[in-house]
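In what follows, a structure is listed as structure tokens, so that the remarks can point back to it.
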Amino acid sequence: MHSAPRALCPHVEWAVAGVLGVRVTLDWIRQPAAPDTWRTEFSWQGRPGTASKLASALRGWHLLRFEVTAEPCATAEGERYSSTPDLGIFHAVTGIHGDILVPEDRLRAAVARSLKGETDLQAEIAKLLGKPWDDELEPFRHAGEGAPVRWLHQVV
């Protein structure tokens, strides 16, 4: 969680607890990149699909900036979700080395829009890779260096 207004911090904990099925108490610290907001980091373990459930549980609050990632495993590709108040939510499938895997139909659509003059191909590819979200979240990521991390485990 890169930034959340103080009033939403308990709601974030409840949402995460609801998805993971365990009581959650996170260590919140001030977010220097956005006055009057707080940040926390936590690592979790769960079944494939848990990342999408976490992102869905958090996306309802417009004022949050967050990222949820799931490492690939033997039965599922990895996932990355990024969300900002201005851009909304971004989702990407990630491979074993963390690379974003872009489906060919999305690439073909981007090329087609570019050939029609509707958009710039470079900008389309940047969006497919989540660059606008990375650009907006980078100051918040940097501000969290050295922040405490808590491990959460889903009961299965």
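Ligands are numbered from 1 in the order shown, chains are lettered A, B, ... in the order of the structure tokens, and residues start at 1 in each chain.
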Could you name the residues that touch Leu87 (chain A) at 12 Å or less, counting only C-alpha atoms, but leaving out those on the same chain fewer than 5 positions away, as a list in words?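 Residues near the query, excluding close chain neighbours: Arg59, His62, Leu63, Leu64, Arg65, Phe66, Ser82, Lys127, Gly130, Lys131, Pro132, Trp133, Asp134, Asp135, Glu136 and Leu137 of chain A.
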If you count only C-alpha atoms, which residues fall within 7 Å of Ile29 (chain A), apart from same-chain ones fewer than 3 positions away, as a ChimeraX atom specification? /A:38-40
Which residues, written as an MDAnalysis selection string, have at least one atom at most 12 Å from Leu128 (chain A), with only C-alpha atoms counted and residues fewer than 2 positions away on the same chain left out? chainID A and resid 90:93 100:111 121:126 130:134
Run DSSP on the backbone and give me the residues of region 51-135 of chain A it puts in alpha helix (DSSP H), as a ChimeraX atom specification. /A:51-58,104-115,121-128,131-135
Closest to Arg141 (chain A) among A:Pro72, A:Leu54, A:Ser3, A:Gly18, using only C-alpha atoms?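 Counting only C-alpha atoms, the residue closest to Arg141 (chain A) is A:Ser3.
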Which parts of chain A does DSSP call strand (DSSP E) when run on the backbone here, written out as a ChimeraX atom specification? /A:4-5,29-30,37-39,41-45,66-70,78-84,88-94,100-101,149-153
Considering only C-alpha atoms, state which residue in the set A:Gln31, A:Thr50, A:Ser43, A:Thr25 is at the smallest distance from Pro5 (chain A).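 Answer, going by the shortest atom-to-atom distance: A:Gln31.
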What separation in Å, quoted to one decimal, exists between CA of Gly98 (chain A) and CA of Ala74 (chain A)?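 Separation between CA of Gly98 (chain A) and CA of Ala74 (chain A): 14.8 Å.
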Find the residues near Arg6 (chain A): any atom within 8 Å, counting only C-alpha atoms, skip ones fewer than 2 places away on the same chain, and give them as a PDB file with C-alpha atoms, in the first residue's frame.
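Output file out28.pdb follows:
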ATOM      1  CA  ALA A   4      -3.897   5.750   1.995  1.00  0.00           C
ATOM      2  CA  LEU A   8      -9.010   4.212   5.273  1.00  0.00           C
ATOM      3  CA  CYS A   9      -6.159   2.324   6.984  1.00  0.00           C
ATOM      4  CA  ASP A  36      -1.600  13.280   5.156  1.00  0.00           C
ATOM      5  CA  THR A  37      -1.306   9.737   3.797  1.00  0.00           C
ATOM      6  CA  TRP A  38       0.121   6.543   5.239  1.00  0.00           C
TER       7      TRP A  38
END
Nearest-residue call for Met1 (chain A), choices A:Glu67, A:Asp120, A:Asp27, A:Glu79, using only C-alpha atoms: A:Glu67
Could you check how far CA of Tyr81 (chain A) sits from CA of Pro10 (chain A), in Å to one decimal?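 Distance reported for this atom pair: 21.1 Å.
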Work out how far apart CA of Ala51 (chain A) and CA of Pro139 (chain A) are and give it in Å to one decimal.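 CA of Pro139 (chain A) lies at a distance of 23.0 Å from CA of Ala51 (chain A).
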Can you tell me which residues surround Glu77 (chain A) at a distance of at most 8 Å, considering only C-alpha atoms, apart from same-chain residues fewer than 6 positions away, and format the answer as a PyMOL selection string? chain A and resi 71+93-96
Selected residues written out, N, CA, C and O atoms, as a CSV table (one decimal), in the first residue's frame:
chain,number,residue,atom,x,y,z
A,71,GLU,N,3.8,-14.1,-7.5
A,71,GLU,CA,4.9,-14.8,-8.2
A,71,GLU,C,4.3,-15.9,-9.0
A,71,GLU,O,3.3,-16.6,-8.6
A,93,VAL,N,0.0,-9.9,-16.7
A,93,VAL,CA,0.5,-11.3,-16.4
A,93,VAL,C,2.0,-11.2,-16.5
A,93,VAL,O,2.5,-10.6,-17.4
A,94,THR,N,2.6,-11.9,-15.5
A,94,THR,CA,4.1,-11.9,-15.5
A,94,THR,C,4.7,-13.3,-15.6
A,94,THR,O,4.1,-14.2,-15.2
A,95,GLY,N,5.8,-13.3,-16.3
A,95,GLY,CA,6.5,-14.6,-16.5
A,95,GLY,C,7.4,-14.9,-15.3
A,95,GLY,O,7.5,-14.2,-14.3
A,96,ILE,N,8.1,-16.0,-15.4
A,96,ILE,CA,9.0,-16.5,-14.4
A,96,ILE,C,10.1,-15.6,-14.0
A,96,ILE,O,10.5,-15.5,-12.8
